[in-house]
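Enquirer: Please see the structure below; I have some questions.
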Amino acid sequence: MTIVKGVEVAEGLKQQMMKDIESLGDVKPTLGIVRIGAKPGDLSYEKGVRKTAESVGLEVKTFELPEDIAQEEFDKEFMKVNDDPTVHGILLFRPLPAHLSDANISRMINPDKDMDCMSPINFAKLAMGDESGYYPCTPEAVMKIVDHIGIDCQGKNVVIIGHSLVVGRPLGYLMIARNASVSWCHVFTKDTIKRCEDADIIIAAAGVPGLVKRAHVEKAGKDCVVIDVGINFVDGKMCGDVAFDEVAPLVGYITPVPGGVGGVTNTVMASHVVRAALKAVKGNK
Ligand code: NAD
C-alpha cells in the first residue's frame, strides 16, 4: 500500500507554475478572494489558498464583505472585483448567506476570472471536455493525483461517493472524458458497498467521517485506489470520509486527510490564476 501525499503531487505543478510566472515579467498573477463574513471554515480555506499562492509568488487580495450585505450592494461590490484589471482570478466562498442569490453571481462572474467553475459557461466547457475553461479545483486535483500515481483511467471502474455540483458531479465528467466507467453514489444510493466491489478507483466526497470502511474495499482488491476528498472535524481533529486505519492495509493507494487532496486543490487554484494572468497578458488559452 502506498500513501499518496498531496505535497508530492503539488510539487510538479509548482515547478511549471514558477516557469510561467517568470515569463510574465513584472506582472504578478493576482487572486481576489471574495469572502462574506468570517466563518471559521472560510478562514481556514483562505489561509491554505493564500499560503500556497504566496509560496509560488502570487498576490492574494481579500475583499471581505459584511454578512448582512444586501443583494444590490453585494452585486455592486462583486462587480468592482470582476472589473478590476489588476485581479486576474476570483474565488468567491460559497455557500453564500441564504438571502443572497448564487445563480445571480454565477452569471455575473467573468468566465475568464472564474477560478473554481461557478459560471455555467465553464461548467458547460467541463461537460464538453473543452480545456479552455476553468474546471473546479478539487475534481481537477483528483485527476492530478490519479496522473501522479500513473493510472490510465480508460476502462477502469470508478465509484464516486457524492454528486455535488462542486466535487462529485464534475469529477464524473472528467473521468468519463478519460473513458472510465463511472458510478455515482449519493445519499439516496441503496447499494454503495456493492458498487464498490468491482471498483478500481473509489473517491469519497460525501462529508461523512468514516463513511468508507473495510466492507467497501475488501472485495475491490489490493490494487484499488482510494482518494479521500472529505474534510470533516471530529473532536476538533480533521479527518476525511475514509476510515483510514481499516481501509489502508487492504488497498493499493490511498490519500490521507490531512495531507492529501486539500493541498493539491490549493495548488490547482494557484495554477488557474497563473493561467488567467497568462491569458490576460499574452492572450494564452
Ligand atoms: P455536499 O454536501 O455539497 O455534497 C455531499 C454529497 O455527498 C451529496 O452528493 C450527498 O448526496 C452525498 N452523501 C452525503 N451523505 C452520504 C452518504 N451517507 N452516503 C453516500 N453519499 C452521501 O458536499 P461537497 O461540497 O461536495 O463536499 C464533500 C466533502 O468534500 C466535504 O467533506 C467537503 O468539506 C470536502 N471538500 C474537500 C475539498 C478538498 O479540497 N479536499 C474541496 C471541496 C470539498
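Following the order of the C-alpha cells, chains are lettered A, B, ..., residues in each are numbered from 1, and ligands are numbered from 1.
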From a DSSP calculation on the backbone, collect every residue of segment 90-245 of chain A in strand (DSSP E) and output the set as a ChimeraX atom specification.

Expert: /A:90-92,157-161,181-185,201-204,225-228,232-234,237-239

Enquirer: Within 8 Å of Val229 of chain A, counting only C-alpha atoms, which residues qualify if same-chain residues fewer than 2 places away don't, as number ranges by chain?

Expert: A: 138, 203-205, 227, 231, 240-241, 261-262

Enquirer: Which residues come within 12 Å of Ser55 of chain A, counting only C-alpha atoms, excluding same-chain residues fewer than 2 positions away, as a list in words?

Expert: Glu11, Lys14, Gln15, Met17, Met18, Gly48, Val49, Arg50, Lys51, Thr52, Ala53, Gly57, Leu58, Glu59, Val60, Asn266, Thr267 and Ala270 of chain A

Enquirer: Of the residues A:His163, A:His148, A:Arg178, A:Lys156, which is the one nearest to Gly12 of chain A, using only C-alpha atoms?

Expert: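 Distance minimum relative to Gly12 of chain A lands on A:His148.
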
Enquirer: For Thr189 of chain A, which residue out of A:Gly162, A:Lys282, A:Glu22, A:Asn122 is the nearest one, using only C-alpha atoms?

Expert: A:Gly162

Enquirer: Name all residues at most 12 Å from Arg195 of chain A (count only C-alpha atoms; drop same-chain ones fewer than 3 positions away) and give them as a PDB file with C-alpha atoms, in the first residue's frame.

Expert:
ATOM      1  CA  ASN A 157     -14.438   1.222 -12.815  1.00  0.00           C
ATOM      2  CA  VAL A 158     -14.642   4.448 -10.865  1.00  0.00           C
ATOM      3  CA  VAL A 159     -17.044   4.866  -7.948  1.00  0.00           C
ATOM      4  CA  ILE A 160     -17.639   8.435  -6.835  1.00  0.00           C
ATOM      5  CA  ILE A 161     -19.410   8.833  -3.498  1.00  0.00           C
ATOM      6  CA  SER A 181     -16.884   3.717 -16.341  1.00  0.00           C
ATOM      7  CA  VAL A 182     -18.361   5.980 -13.703  1.00  0.00           C
ATOM      8  CA  SER A 183     -20.784   5.065 -10.962  1.00  0.00           C
ATOM      9  CA  TRP A 184     -22.088   7.948  -8.873  1.00  0.00           C
ATOM     10  CA  CYS A 185     -23.311   7.143  -5.380  1.00  0.00           C
ATOM     11  CA  HIS A 186     -25.037   9.612  -3.117  1.00  0.00           C
ATOM     12  CA  THR A 189     -27.968   5.205  -3.308  1.00  0.00           C
ATOM     13  CA  LYS A 190     -29.075   1.864  -1.876  1.00  0.00           C
ATOM     14  CA  ASP A 191     -26.110  -0.322  -2.782  1.00  0.00           C
ATOM     15  CA  THR A 192     -22.927   1.759  -2.455  1.00  0.00           C
ATOM     16  CA  ASP A 198     -15.668  -4.021  -8.699  1.00  0.00           C
ATOM     17  CA  ALA A 199     -14.088  -0.598  -8.286  1.00  0.00           C
ATOM     18  CA  ASP A 200     -10.596   0.203  -9.493  1.00  0.00           C
ATOM     19  CA  ILE A 201     -10.843   3.705  -8.047  1.00  0.00           C
ATOM     20  CA  ILE A 202     -13.080   4.879  -5.179  1.00  0.00           C
ATOM     21  CA  ALA A 215     -16.661  -3.543   3.621  1.00  0.00           C
ATOM     22  CA  HIS A 216     -16.313  -1.065   0.738  1.00  0.00           C
ATOM     23  CA  VAL A 217     -12.842  -2.190  -0.272  1.00  0.00           C
ATOM     24  CA  LYS A 219     -13.637  -7.207  -2.473  1.00  0.00           C
ATOM     25  CA  ALA A 220     -12.182  -4.473  -4.668  1.00  0.00           C
TER      26      ALA A 220
END
